[in-house]
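Q: To be precise about what I am sending: the file is called model-v9.cif and holds mmCIF, N, CA and C atoms and all ligand atoms.
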```
data_run
loop_
_atom_site.label_atom_id
_atom_site.label_comp_id
_atom_site.auth_asym_id
_atom_site.auth_seq_id
_atom_site.Cartn_x
_atom_site.Cartn_y
_atom_site.Cartn_z
N MET A 1 87.79 -38.70 -15.36
CA MET A 1 87.30 -37.35 -15.00
C MET A 1 85.82 -37.22 -15.39
N ASN A 2 85.02 -36.72 -14.46
CA ASN A 2 83.62 -36.48 -14.84
C ASN A 2 83.36 -34.98 -14.94
N SER A 3 82.14 -34.64 -15.32
CA SER A 3 81.85 -33.24 -15.65
C SER A 3 82.01 -32.32 -14.44
N GLN A 4 81.81 -32.86 -13.23
CA GLN A 4 81.95 -32.02 -12.05
C GLN A 4 83.38 -31.54 -11.83
N ASP A 5 84.36 -32.33 -12.25
CA ASP A 5 85.75 -32.03 -11.95
C ASP A 5 86.18 -30.67 -12.49
N ASP A 6 85.77 -30.37 -13.71
CA ASP A 6 86.19 -29.09 -14.28
C ASP A 6 85.03 -28.11 -14.44
N CYS A 7 83.91 -28.38 -13.75
CA CYS A 7 82.77 -27.45 -13.79
C CYS A 7 83.09 -26.25 -12.90
N ILE A 8 83.00 -25.07 -13.49
CA ILE A 8 83.39 -23.85 -12.77
C ILE A 8 82.54 -23.61 -11.52
N PHE A 9 81.24 -23.92 -11.60
CA PHE A 9 80.38 -23.68 -10.43
C PHE A 9 80.59 -24.77 -9.38
N CYS A 10 80.89 -26.00 -9.80
CA CYS A 10 81.27 -27.03 -8.81
C CYS A 10 82.56 -26.63 -8.09
N LYS A 11 83.46 -25.98 -8.83
CA LYS A 11 84.70 -25.51 -8.20
C LYS A 11 84.41 -24.44 -7.16
N ILE A 12 83.44 -23.58 -7.45
CA ILE A 12 83.03 -22.57 -6.46
C ILE A 12 82.43 -23.26 -5.23
N VAL A 13 81.58 -24.26 -5.46
CA VAL A 13 80.98 -25.02 -4.34
C VAL A 13 82.09 -25.64 -3.48
N ARG A 14 83.13 -26.17 -4.11
CA ARG A 14 84.22 -26.84 -3.37
C ARG A 14 85.23 -25.85 -2.79
N GLY A 15 85.07 -24.57 -3.11
CA GLY A 15 85.98 -23.56 -2.58
C GLY A 15 87.29 -23.46 -3.36
N GLU A 16 87.33 -24.04 -4.55
CA GLU A 16 88.56 -24.01 -5.36
C GLU A 16 88.70 -22.72 -6.16
N ILE A 17 87.58 -22.03 -6.35
CA ILE A 17 87.56 -20.72 -7.01
C ILE A 17 86.82 -19.78 -6.07
N PRO A 18 87.32 -18.57 -5.89
CA PRO A 18 86.63 -17.65 -4.98
C PRO A 18 85.32 -17.13 -5.58
N ALA A 19 84.40 -16.79 -4.71
CA ALA A 19 83.15 -16.16 -5.14
C ALA A 19 82.65 -15.32 -3.98
N LYS A 20 81.91 -14.28 -4.33
CA LYS A 20 81.29 -13.45 -3.29
C LYS A 20 79.96 -14.08 -2.92
N LYS A 21 80.02 -14.97 -1.93
CA LYS A 21 78.84 -15.72 -1.52
C LYS A 21 77.88 -14.82 -0.75
N VAL A 22 76.59 -14.96 -1.05
CA VAL A 22 75.58 -14.21 -0.31
C VAL A 22 74.62 -15.13 0.44
N PHE A 23 74.67 -16.43 0.15
CA PHE A 23 73.84 -17.39 0.87
C PHE A 23 74.42 -18.78 0.67
N GLU A 24 74.35 -19.59 1.70
CA GLU A 24 74.79 -20.98 1.57
C GLU A 24 74.08 -21.84 2.59
N ASP A 25 73.58 -22.99 2.15
CA ASP A 25 73.16 -24.04 3.10
C ASP A 25 73.62 -25.38 2.53
N ASP A 26 73.05 -26.47 3.01
CA ASP A 26 73.53 -27.79 2.57
C ASP A 26 73.29 -28.05 1.08
N ASP A 27 72.25 -27.43 0.53
CA ASP A 27 71.82 -27.77 -0.83
C ASP A 27 72.08 -26.68 -1.87
N VAL A 28 72.14 -25.45 -1.41
CA VAL A 28 72.09 -24.29 -2.31
C VAL A 28 73.20 -23.30 -1.98
N LEU A 29 73.73 -22.69 -3.04
CA LEU A 29 74.72 -21.61 -2.88
C LEU A 29 74.28 -20.44 -3.75
N ALA A 30 74.43 -19.23 -3.24
CA ALA A 30 74.15 -18.03 -4.04
C ALA A 30 75.35 -17.11 -3.93
N PHE A 31 75.71 -16.51 -5.07
CA PHE A 31 76.89 -15.64 -5.10
C PHE A 31 76.69 -14.58 -6.17
N LEU A 32 77.52 -13.53 -6.10
CA LEU A 32 77.39 -12.44 -7.06
C LEU A 32 77.97 -12.86 -8.40
N ASP A 33 77.28 -12.47 -9.47
CA ASP A 33 77.79 -12.75 -10.82
C ASP A 33 79.06 -11.93 -11.05
N ILE A 34 80.06 -12.56 -11.66
CA ILE A 34 81.35 -11.92 -11.85
C ILE A 34 81.30 -10.82 -12.92
N LYS A 35 80.34 -10.90 -13.82
CA LYS A 35 80.16 -9.88 -14.86
C LYS A 35 78.72 -9.41 -14.84
N PRO A 36 78.37 -8.61 -13.82
CA PRO A 36 76.96 -8.26 -13.64
C PRO A 36 76.39 -7.47 -14.82
N VAL A 37 75.15 -7.79 -15.18
CA VAL A 37 74.46 -7.06 -16.25
C VAL A 37 73.56 -5.96 -15.69
N ALA A 38 73.47 -5.88 -14.38
CA ALA A 38 72.64 -4.88 -13.70
C ALA A 38 73.26 -4.67 -12.32
N PRO A 39 72.88 -3.59 -11.62
CA PRO A 39 73.47 -3.34 -10.29
C PRO A 39 73.29 -4.52 -9.33
N ILE A 40 72.17 -5.20 -9.45
CA ILE A 40 71.96 -6.43 -8.67
C ILE A 40 72.02 -7.61 -9.64
N HIS A 41 72.92 -8.54 -9.39
CA HIS A 41 73.01 -9.74 -10.24
C HIS A 41 73.57 -10.88 -9.40
N VAL A 42 72.68 -11.73 -8.95
CA VAL A 42 73.02 -12.86 -8.09
C VAL A 42 72.74 -14.15 -8.85
N LEU A 43 73.58 -15.15 -8.64
CA LEU A 43 73.34 -16.49 -9.19
C LEU A 43 73.00 -17.44 -8.05
N VAL A 44 71.96 -18.23 -8.23
CA VAL A 44 71.55 -19.24 -7.25
C VAL A 44 71.76 -20.60 -7.89
N ILE A 45 72.55 -21.43 -7.25
CA ILE A 45 72.86 -22.75 -7.85
C ILE A 45 72.60 -23.87 -6.83
N PRO A 46 72.28 -25.07 -7.36
CA PRO A 46 72.27 -26.23 -6.48
C PRO A 46 73.72 -26.64 -6.22
N LYS A 47 74.01 -27.11 -5.02
CA LYS A 47 75.38 -27.57 -4.76
C LYS A 47 75.70 -28.83 -5.54
N LYS A 48 74.70 -29.67 -5.76
CA LYS A 48 74.97 -30.87 -6.58
C LYS A 48 74.96 -30.46 -8.06
N HIS A 49 75.79 -31.13 -8.83
CA HIS A 49 75.90 -30.78 -10.25
C HIS A 49 74.66 -31.23 -11.01
N ILE A 50 73.92 -30.25 -11.50
CA ILE A 50 72.84 -30.50 -12.47
C ILE A 50 73.20 -29.62 -13.66
N ALA A 51 73.29 -30.21 -14.85
CA ALA A 51 73.85 -29.48 -15.99
C ALA A 51 72.97 -28.32 -16.42
N SER A 52 71.67 -28.50 -16.37
CA SER A 52 70.79 -27.52 -17.00
C SER A 52 69.36 -27.72 -16.54
N LEU A 53 68.56 -26.69 -16.65
CA LEU A 53 67.12 -26.84 -16.39
C LEU A 53 66.51 -27.81 -17.41
N ALA A 54 67.16 -27.94 -18.56
CA ALA A 54 66.67 -28.88 -19.57
C ALA A 54 66.85 -30.33 -19.13
N GLN A 55 67.55 -30.57 -18.04
CA GLN A 55 67.85 -31.94 -17.61
C GLN A 55 67.18 -32.33 -16.30
N VAL A 56 66.32 -31.47 -15.76
CA VAL A 56 65.71 -31.82 -14.48
C VAL A 56 64.44 -32.64 -14.71
N ASP A 57 63.99 -33.30 -13.66
CA ASP A 57 62.70 -34.00 -13.71
C ASP A 57 62.00 -33.82 -12.37
N GLU A 58 60.88 -34.53 -12.18
CA GLU A 58 60.06 -34.29 -10.98
C GLU A 58 60.84 -34.54 -9.69
N THR A 59 61.85 -35.42 -9.74
CA THR A 59 62.58 -35.71 -8.50
C THR A 59 63.38 -34.49 -8.03
N ASP A 60 63.60 -33.55 -8.92
CA ASP A 60 64.34 -32.34 -8.56
C ASP A 60 63.42 -31.23 -8.02
N ALA A 61 62.12 -31.50 -8.00
CA ALA A 61 61.16 -30.45 -7.63
C ALA A 61 61.44 -29.83 -6.25
N PRO A 62 61.73 -30.63 -5.21
CA PRO A 62 61.98 -29.99 -3.90
C PRO A 62 63.18 -29.03 -3.94
N LEU A 63 64.25 -29.44 -4.60
CA LEU A 63 65.43 -28.59 -4.70
C LEU A 63 65.14 -27.33 -5.51
N LEU A 64 64.46 -27.50 -6.64
CA LEU A 64 64.13 -26.34 -7.48
C LEU A 64 63.19 -25.40 -6.74
N GLY A 65 62.24 -25.98 -6.01
CA GLY A 65 61.31 -25.15 -5.25
C GLY A 65 62.04 -24.37 -4.17
N LYS A 66 62.99 -25.01 -3.53
CA LYS A 66 63.78 -24.34 -2.50
C LYS A 66 64.56 -23.19 -3.10
N MET A 67 65.20 -23.42 -4.24
CA MET A 67 65.99 -22.37 -4.89
C MET A 67 65.10 -21.17 -5.24
N LEU A 68 63.96 -21.45 -5.83
CA LEU A 68 63.07 -20.35 -6.25
C LEU A 68 62.49 -19.63 -5.04
N ALA A 69 62.18 -20.39 -4.00
CA ALA A 69 61.60 -19.77 -2.80
C ALA A 69 62.60 -18.88 -2.07
N LEU A 70 63.89 -19.10 -2.31
CA LEU A 70 64.92 -18.25 -1.70
C LEU A 70 65.06 -16.90 -2.41
N VAL A 71 64.58 -16.85 -3.66
CA VAL A 71 64.85 -15.68 -4.50
C VAL A 71 64.40 -14.36 -3.87
N PRO A 72 63.16 -14.23 -3.39
CA PRO A 72 62.76 -12.92 -2.86
C PRO A 72 63.61 -12.46 -1.69
N THR A 73 63.99 -13.37 -0.81
CA THR A 73 64.83 -12.99 0.33
C THR A 73 66.21 -12.53 -0.16
N LEU A 74 66.78 -13.28 -1.11
CA LEU A 74 68.10 -12.91 -1.64
C LEU A 74 68.02 -11.59 -2.38
N ALA A 75 66.96 -11.38 -3.15
CA ALA A 75 66.80 -10.14 -3.91
C ALA A 75 66.67 -8.96 -2.96
N ARG A 76 65.84 -9.11 -1.94
CA ARG A 76 65.67 -8.01 -0.97
C ARG A 76 66.97 -7.71 -0.25
N ALA A 77 67.73 -8.75 0.06
CA ALA A 77 69.00 -8.55 0.78
C ALA A 77 69.99 -7.74 -0.06
N GLN A 78 69.82 -7.77 -1.39
CA GLN A 78 70.69 -6.99 -2.28
C GLN A 78 70.12 -5.60 -2.52
N GLY A 79 68.95 -5.33 -1.96
CA GLY A 79 68.35 -4.00 -2.11
C GLY A 79 67.23 -3.94 -3.14
N ALA A 80 66.82 -5.07 -3.67
CA ALA A 80 65.73 -5.09 -4.65
C ALA A 80 64.40 -5.02 -3.92
N ASP A 81 63.99 -3.78 -3.59
CA ASP A 81 62.76 -3.63 -2.80
C ASP A 81 61.57 -3.27 -3.69
N ASP A 82 61.79 -3.22 -4.99
CA ASP A 82 60.68 -2.88 -5.89
C ASP A 82 60.68 -3.81 -7.11
N GLY A 83 60.99 -5.05 -6.88
CA GLY A 83 60.93 -6.04 -7.95
C GLY A 83 62.29 -6.42 -8.49
N PHE A 84 62.28 -7.42 -9.30
CA PHE A 84 63.52 -8.00 -9.86
C PHE A 84 63.10 -8.90 -11.01
N ARG A 85 64.07 -9.45 -11.71
CA ARG A 85 63.78 -10.41 -12.77
C ARG A 85 64.59 -11.68 -12.53
N VAL A 86 63.98 -12.81 -12.82
CA VAL A 86 64.65 -14.10 -12.72
C VAL A 86 64.80 -14.68 -14.13
N ILE A 87 66.00 -15.15 -14.43
CA ILE A 87 66.29 -15.71 -15.75
C ILE A 87 66.99 -17.06 -15.56
N VAL A 88 66.56 -18.05 -16.31
CA VAL A 88 67.27 -19.33 -16.34
C VAL A 88 67.53 -19.67 -17.80
N ASN A 89 68.76 -19.55 -18.22
CA ASN A 89 69.13 -19.93 -19.59
C ASN A 89 69.37 -21.43 -19.62
N ALA A 90 68.88 -22.08 -20.65
CA ALA A 90 69.04 -23.54 -20.73
C ALA A 90 69.44 -23.96 -22.13
N GLY A 91 70.55 -24.69 -22.17
CA GLY A 91 70.96 -25.31 -23.43
C GLY A 91 71.40 -24.33 -24.51
N ARG A 92 71.49 -24.84 -25.71
CA ARG A 92 72.03 -24.05 -26.82
C ARG A 92 71.10 -22.89 -27.19
N ILE A 93 69.81 -23.17 -27.29
CA ILE A 93 68.88 -22.11 -27.67
C ILE A 93 68.80 -21.06 -26.57
N GLY A 94 68.89 -21.50 -25.32
CA GLY A 94 68.89 -20.55 -24.21
C GLY A 94 70.22 -19.83 -24.04
N GLN A 95 71.20 -20.19 -24.84
CA GLN A 95 72.55 -19.61 -24.80
C GLN A 95 73.16 -19.69 -23.40
N GLN A 96 72.95 -20.87 -22.78
CA GLN A 96 73.56 -21.14 -21.47
C GLN A 96 75.06 -21.28 -21.64
N GLU A 97 75.81 -20.50 -20.87
CA GLU A 97 77.27 -20.52 -21.01
C GLU A 97 77.93 -21.47 -20.01
N VAL A 98 77.41 -21.49 -18.80
CA VAL A 98 77.99 -22.36 -17.77
C VAL A 98 77.07 -23.56 -17.57
N PRO A 99 77.56 -24.77 -17.87
CA PRO A 99 76.70 -25.95 -17.82
C PRO A 99 76.51 -26.52 -16.42
N HIS A 100 76.10 -25.65 -15.49
CA HIS A 100 75.68 -26.05 -14.14
C HIS A 100 74.47 -25.15 -13.86
N LEU A 101 73.33 -25.78 -13.63
CA LEU A 101 72.07 -25.05 -13.47
C LEU A 101 72.22 -23.83 -12.56
N HIS A 102 71.70 -22.70 -12.99
CA HIS A 102 71.74 -21.50 -12.15
C HIS A 102 70.56 -20.59 -12.47
N ILE A 103 70.06 -19.96 -11.43
CA ILE A 103 69.03 -18.93 -11.55
C ILE A 103 69.71 -17.59 -11.46
N HIS A 104 69.51 -16.73 -12.46
CA HIS A 104 69.98 -15.35 -12.36
C HIS A 104 68.89 -14.52 -11.68
N ILE A 105 69.28 -13.70 -10.71
CA ILE A 105 68.39 -12.67 -10.16
C ILE A 105 69.00 -11.34 -10.57
N VAL A 106 68.27 -10.55 -11.34
CA VAL A 106 68.78 -9.25 -11.76
C VAL A 106 67.81 -8.15 -11.37
N GLY A 107 68.38 -6.99 -11.08
CA GLY A 107 67.55 -5.85 -10.71
C GLY A 107 68.42 -4.68 -10.33
N GLY A 108 67.79 -3.72 -9.70
CA GLY A 108 68.56 -2.61 -9.14
C GLY A 108 68.49 -1.33 -9.94
N HIS A 109 67.97 -1.38 -11.17
CA HIS A 109 67.69 -0.12 -11.84
C HIS A 109 66.43 -0.25 -12.69
N HIS A 110 65.91 0.92 -13.03
CA HIS A 110 64.65 0.96 -13.77
C HIS A 110 64.80 1.93 -14.94
N PRO A 111 64.41 1.56 -16.14
CA PRO A 111 63.85 0.25 -16.49
C PRO A 111 64.96 -0.76 -16.72
N LEU A 112 64.65 -2.00 -16.42
CA LEU A 112 65.62 -3.08 -16.58
C LEU A 112 65.83 -3.41 -18.05
N GLY A 113 64.87 -3.03 -18.86
CA GLY A 113 64.95 -3.34 -20.29
C GLY A 113 63.95 -4.41 -20.65
N PRO A 114 63.74 -4.62 -21.93
CA PRO A 114 62.79 -5.65 -22.35
C PRO A 114 63.30 -7.04 -21.99
N MET A 115 62.38 -7.96 -21.83
CA MET A 115 62.77 -9.33 -21.50
C MET A 115 63.70 -9.88 -22.57
N LEU A 116 63.32 -9.62 -23.83
CA LEU A 116 64.16 -9.98 -24.97
C LEU A 116 64.03 -8.86 -25.99
N ALA A 117 65.08 -8.64 -26.78
CA ALA A 117 64.94 -7.66 -27.85
C ALA A 117 63.93 -8.18 -28.87
N ARG A 118 63.01 -7.31 -29.32
CA ARG A 118 62.03 -7.73 -30.32
C ARG A 118 62.56 -7.49 -31.72
P1 LIG A 201 74.60 -18.32 -18.45
O1 LIG A 201 74.83 -17.64 -19.76
O2 LIG A 201 73.15 -18.31 -18.05
O3 LIG A 201 75.22 -19.70 -18.40
O4 LIG A 201 75.31 -17.44 -17.36
C1 LIG A 201 76.55 -17.74 -16.77
C2 LIG A 201 76.88 -16.61 -15.83
O5 LIG A 201 77.92 -17.02 -14.99
C3 LIG A 201 77.33 -15.32 -16.54
O6 LIG A 201 76.47 -14.24 -16.16
C4 LIG A 201 78.77 -15.13 -16.01
O7 LIG A 201 79.10 -13.77 -15.82
C5 LIG A 201 78.74 -15.91 -14.71
N1 LIG A 201 80.02 -16.41 -14.26
C6 LIG A 201 80.92 -17.13 -14.97
N2 LIG A 201 81.99 -17.44 -14.20
C7 LIG A 201 81.74 -16.92 -12.97
C8 LIG A 201 82.46 -16.91 -11.74
N3 LIG A 201 83.66 -17.50 -11.61
N4 LIG A 201 81.90 -16.28 -10.68
C9 LIG A 201 80.70 -15.68 -10.80
N5 LIG A 201 79.97 -15.67 -11.92
C10 LIG A 201 80.48 -16.28 -13.00
ZN ZN A 202 78.84 -28.29 -11.69
#
```
Spell out the structure here as structure tokens.

A:
Amino acid sequence: MNSQDDCIFCKIVRGEIPAKKVFEDDDVLAFLDIKPVAPIHVLVIPKKHIASLAQVDETDAPLLGKMLALVPTLARAQGADDGFRVIVNAGRIGQQEVPHLHIHIVGGHHPLGPMLAR
């Protein structure tokens, strides 16, 4: 068994777990977060298993660029017409809970709150 077999986001990619998908192509999937922290909360993931942003290198640049370039369109489609925030938690210090790379897009109310509690 490898890490993809029981990875929750790989299961969503394979259709083994339901998700409210908002975008899909050959490389990227976006779906609504199951426990939203704001009225708008979308996750953007690569379809291939990458554990974390802490594990990418230059060869991943086209895929990462594609994911980030999709963000404004996905945010606007959810109604974020006056900005949004993008968060990528990585590893233990980043308190990443799901070990499959994902971009959070959050928004939908103002003020969204501080980036981090001081
Ligand atoms: P992170 O702490 O950055 O790893 O965030 C993981 C995110 O995945 C959290 O916001 C969870 O609410 C979300 N999440 C976990 N399981 C699911 C699922 N089955 N469908 C949608 N979102 C999920
Ligand atoms: Zn995975």

Q: With a cut-off of 5 Å, could you pull out the residues of chain A touching ligand ZN 202 (chain A) and give me the nearest pair of atoms for each, distance in Å to one decimal, using only N, CA and C atoms and all ligand atoms, ordered by chain and ascending number, as CSV?

A:
```
residue,atom,partner,partner_atom,distance
A:Gln4,CA,A:ZN202,ZN,4.9
A:Cys7,CA,A:ZN202,ZN,4.5
A:Phe9,C,A:ZN202,ZN,4.6
A:Cys10,N,A:ZN202,ZN,3.6
A:His49,CA,A:ZN202,ZN,4.1
A:His100,CA,A:ZN202,ZN,4.6
```

Q: Could you please extract the residues within 6.5 Å of ligand LIG 201 (chain A), counting only N, CA and C atoms and all ligand atoms, and hand them back as a list in words?

A: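 The residues within 6.5 Å of ligand LIG 201 (chain A), counting only N, CA and C atoms and all ligand atoms, are Ile8, Pro18, Ala19, Phe31, Leu32, Asp33, Ile34, Lys35, Pro36, Val88, Asn89, Ala90, Gln95, Gln96, Glu97, Val98 and Pro99 of chain A.
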
Q: Neighbouring residues of A:Gly108 were defined as those with any atom within 7 Å, considering all atoms listed in the file; residues of the same chain fewer than 4 positions away were excluded. Please report them as a list in words.

A: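 Contacts, with the query itself left out: Ala38, Pro39, Ile40, Gly79, Ala80, Gly83 and Phe84 of chain A.
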
Q: When DSSP works through the backbone of this structure, what residues of chain A end up as strand (DSSP E), shown as a PDB file with N, CA and C atoms, in the coordinates of the input?

A:
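The resulting file, out.pdb, is shown below:
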```pdb
ATOM      1  N   LYS A  21      80.020 -14.970  -1.930  1.00  0.00           N
ATOM      2  CA  LYS A  21      78.840 -15.720  -1.520  1.00  0.00           C
ATOM      3  C   LYS A  21      77.880 -14.820  -0.750  1.00  0.00           C
ATOM      4  N   VAL A  22      76.590 -14.960  -1.050  1.00  0.00           N
ATOM      5  CA  VAL A  22      75.580 -14.210  -0.310  1.00  0.00           C
ATOM      6  C   VAL A  22      74.620 -15.130   0.440  1.00  0.00           C
ATOM      7  N   PHE A  23      74.670 -16.430   0.150  1.00  0.00           N
ATOM      8  CA  PHE A  23      73.840 -17.390   0.870  1.00  0.00           C
ATOM      9  C   PHE A  23      74.420 -18.780   0.670  1.00  0.00           C
ATOM     10  N   GLU A  24      74.350 -19.590   1.700  1.00  0.00           N
ATOM     11  CA  GLU A  24      74.790 -20.980   1.570  1.00  0.00           C
ATOM     12  C   GLU A  24      74.080 -21.840   2.590  1.00  0.00           C
ATOM     13  N   VAL A  28      72.140 -25.450  -1.410  1.00  0.00           N
ATOM     14  CA  VAL A  28      72.090 -24.290  -2.310  1.00  0.00           C
ATOM     15  C   VAL A  28      73.200 -23.300  -1.980  1.00  0.00           C
ATOM     16  N   LEU A  29      73.730 -22.690  -3.040  1.00  0.00           N
ATOM     17  CA  LEU A  29      74.720 -21.610  -2.880  1.00  0.00           C
ATOM     18  C   LEU A  29      74.280 -20.440  -3.750  1.00  0.00           C
ATOM     19  N   ALA A  30      74.430 -19.230  -3.240  1.00  0.00           N
ATOM     20  CA  ALA A  30      74.150 -18.030  -4.040  1.00  0.00           C
ATOM     21  C   ALA A  30      75.350 -17.110  -3.930  1.00  0.00           C
ATOM     22  N   PHE A  31      75.710 -16.510  -5.070  1.00  0.00           N
ATOM     23  CA  PHE A  31      76.890 -15.640  -5.100  1.00  0.00           C
ATOM     24  C   PHE A  31      76.690 -14.580  -6.170  1.00  0.00           C
ATOM     25  N   LEU A  32      77.520 -13.530  -6.100  1.00  0.00           N
ATOM     26  CA  LEU A  32      77.390 -12.440  -7.060  1.00  0.00           C
ATOM     27  C   LEU A  32      77.970 -12.860  -8.400  1.00  0.00           C
ATOM     28  N   ILE A  40      72.170  -5.200  -9.450  1.00  0.00           N
ATOM     29  CA  ILE A  40      71.960  -6.430  -8.670  1.00  0.00           C
ATOM     30  C   ILE A  40      72.020  -7.610  -9.640  1.00  0.00           C
ATOM     31  N   HIS A  41      72.920  -8.540  -9.390  1.00  0.00           N
ATOM     32  CA  HIS A  41      73.010  -9.740 -10.240  1.00  0.00           C
ATOM     33  C   HIS A  41      73.570 -10.880  -9.400  1.00  0.00           C
ATOM     34  N   VAL A  42      72.680 -11.730  -8.950  1.00  0.00           N
ATOM     35  CA  VAL A  42      73.020 -12.860  -8.090  1.00  0.00           C
ATOM     36  C   VAL A  42      72.740 -14.150  -8.850  1.00  0.00           C
ATOM     37  N   LEU A  43      73.580 -15.150  -8.640  1.00  0.00           N
ATOM     38  CA  LEU A  43      73.340 -16.490  -9.190  1.00  0.00           C
ATOM     39  C   LEU A  43      73.000 -17.440  -8.050  1.00  0.00           C
ATOM     40  N   VAL A  44      71.960 -18.230  -8.230  1.00  0.00           N
ATOM     41  CA  VAL A  44      71.550 -19.240  -7.250  1.00  0.00           C
ATOM     42  C   VAL A  44      71.760 -20.600  -7.890  1.00  0.00           C
ATOM     43  N   ILE A  45      72.550 -21.430  -7.250  1.00  0.00           N
ATOM     44  CA  ILE A  45      72.860 -22.750  -7.850  1.00  0.00           C
ATOM     45  C   ILE A  45      72.600 -23.870  -6.830  1.00  0.00           C
ATOM     46  N   PRO A  46      72.280 -25.070  -7.360  1.00  0.00           N
ATOM     47  CA  PRO A  46      72.270 -26.230  -6.480  1.00  0.00           C
ATOM     48  C   PRO A  46      73.720 -26.640  -6.220  1.00  0.00           C
ATOM     49  N   ARG A  85      64.070  -9.450 -11.710  1.00  0.00           N
ATOM     50  CA  ARG A  85      63.780 -10.410 -12.770  1.00  0.00           C
ATOM     51  C   ARG A  85      64.590 -11.680 -12.530  1.00  0.00           C
ATOM     52  N   VAL A  86      63.980 -12.810 -12.820  1.00  0.00           N
ATOM     53  CA  VAL A  86      64.650 -14.100 -12.720  1.00  0.00           C
ATOM     54  C   VAL A  86      64.800 -14.680 -14.130  1.00  0.00           C
ATOM     55  N   ILE A  87      66.000 -15.150 -14.430  1.00  0.00           N
ATOM     56  CA  ILE A  87      66.290 -15.710 -15.750  1.00  0.00           C
ATOM     57  C   ILE A  87      66.990 -17.060 -15.560  1.00  0.00           C
ATOM     58  N   ILE A 103      70.060 -19.960 -11.430  1.00  0.00           N
ATOM     59  CA  ILE A 103      69.030 -18.930 -11.550  1.00  0.00           C
ATOM     60  C   ILE A 103      69.710 -17.590 -11.460  1.00  0.00           C
ATOM     61  N   HIS A 104      69.510 -16.730 -12.460  1.00  0.00           N
ATOM     62  CA  HIS A 104      69.980 -15.350 -12.360  1.00  0.00           C
ATOM     63  C   HIS A 104      68.890 -14.520 -11.680  1.00  0.00           C
ATOM     64  N   ILE A 105      69.280 -13.700 -10.710  1.00  0.00           N
ATOM     65  CA  ILE A 105      68.390 -12.670 -10.160  1.00  0.00           C
ATOM     66  C   ILE A 105      69.000 -11.340 -10.570  1.00  0.00           C
ATOM     67  N   VAL A 106      68.270 -10.550 -11.340  1.00  0.00           N
ATOM     68  CA  VAL A 106      68.780  -9.250 -11.760  1.00  0.00           C
ATOM     69  C   VAL A 106      67.810  -8.150 -11.370  1.00  0.00           C
ATOM     70  N   GLY A 107      68.380  -6.990 -11.080  1.00  0.00           N
ATOM     71  CA  GLY A 107      67.550  -5.850 -10.710  1.00  0.00           C
ATOM     72  C   GLY A 107      68.420  -4.680 -10.330  1.00  0.00           C
TER      73      GLY A 107
END
```

Q: For atom CA of A:Gly15 and atom CA of A:Ala51, determine how far apart the two atoms are, in Å to one decimal place.

A: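 It comes out at 19.0 Å.
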
Q: Record the distance separating atom CA of A:Ala30 and atom CA of A:Leu112, expressed in Å with one decimal.

A: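 These atoms are spaced 21.3 Å apart.
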
Q: Write out as a list in words each polymer residue whose atoms come within 8 Å of stretch 63-75 of chain A, counting only C-alpha atoms; drop sequence neighbours fewer than 2 positions from it.

A: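 Counting only the stated atoms, we get Val22, Phe23, Asp27, Val28, Ile40, Val42, Val44, Ile45, Pro46, Asp60, Ala61, Ala77, Gln78, Gly79, Ala80, Asp81, Phe84 and Ile105 of chain A.
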
Q: Restricting it to N, CA and C atoms, dump the selection as a compact mmCIF listing (two decimals), in the frame of the given file.

A:
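Contents of out_22.txt, freshly written:
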```txt
# COMPACT_ATOMS: atom_id res chain seq x y z
N VAL A 22 76.59 -14.96 -1.05
CA VAL A 22 75.58 -14.21 -0.31
C VAL A 22 74.62 -15.13 0.44
N PHE A 23 74.67 -16.43 0.15
CA PHE A 23 73.84 -17.39 0.87
C PHE A 23 74.42 -18.78 0.67
N ASP A 27 72.25 -27.43 0.53
CA ASP A 27 71.82 -27.77 -0.83
C ASP A 27 72.08 -26.68 -1.87
N VAL A 28 72.14 -25.45 -1.41
CA VAL A 28 72.09 -24.29 -2.31
C VAL A 28 73.20 -23.30 -1.98
N ILE A 40 72.17 -5.20 -9.45
CA ILE A 40 71.96 -6.43 -8.67
C ILE A 40 72.02 -7.61 -9.64
N VAL A 42 72.68 -11.73 -8.95
CA VAL A 42 73.02 -12.86 -8.09
C VAL A 42 72.74 -14.15 -8.85
N VAL A 44 71.96 -18.23 -8.23
CA VAL A 44 71.55 -19.24 -7.25
C VAL A 44 71.76 -20.60 -7.89
N ILE A 45 72.55 -21.43 -7.25
CA ILE A 45 72.86 -22.75 -7.85
C ILE A 45 72.60 -23.87 -6.83
N PRO A 46 72.28 -25.07 -7.36
CA PRO A 46 72.27 -26.23 -6.48
C PRO A 46 73.72 -26.64 -6.22
N ASP A 60 63.60 -33.55 -8.92
CA ASP A 60 64.34 -32.34 -8.56
C ASP A 60 63.42 -31.23 -8.02
N ALA A 61 62.12 -31.50 -8.00
CA ALA A 61 61.16 -30.45 -7.63
C ALA A 61 61.44 -29.83 -6.25
N ALA A 77 67.73 -8.75 0.06
CA ALA A 77 69.00 -8.55 0.78
C ALA A 77 69.99 -7.74 -0.06
N GLN A 78 69.82 -7.77 -1.39
CA GLN A 78 70.69 -6.99 -2.28
C GLN A 78 70.12 -5.60 -2.52
N GLY A 79 68.95 -5.33 -1.96
CA GLY A 79 68.35 -4.00 -2.11
C GLY A 79 67.23 -3.94 -3.14
N ALA A 80 66.82 -5.07 -3.67
CA ALA A 80 65.73 -5.09 -4.65
C ALA A 80 64.40 -5.02 -3.92
N ASP A 81 63.99 -3.78 -3.59
CA ASP A 81 62.76 -3.63 -2.80
C ASP A 81 61.57 -3.27 -3.69
N PHE A 84 62.28 -7.42 -9.30
CA PHE A 84 63.52 -8.00 -9.86
C PHE A 84 63.10 -8.90 -11.01
N ILE A 105 69.28 -13.70 -10.71
CA ILE A 105 68.39 -12.67 -10.16
C ILE A 105 69.00 -11.34 -10.57
```

Q: What is the distance, in Å and to one decimal place, between atom C of A:Thr59 and atom CA of A:Lys21?

A: 25.2 Å

Q: Might you pull out every residue within 6.5 Å of A:Leu53, with only N, CA and C atoms counted and same-chain residues fewer than 3 positions away left off, and present them as a VMD selection string?

A: chain A and resid 50 56 89 to 91 101 to 102
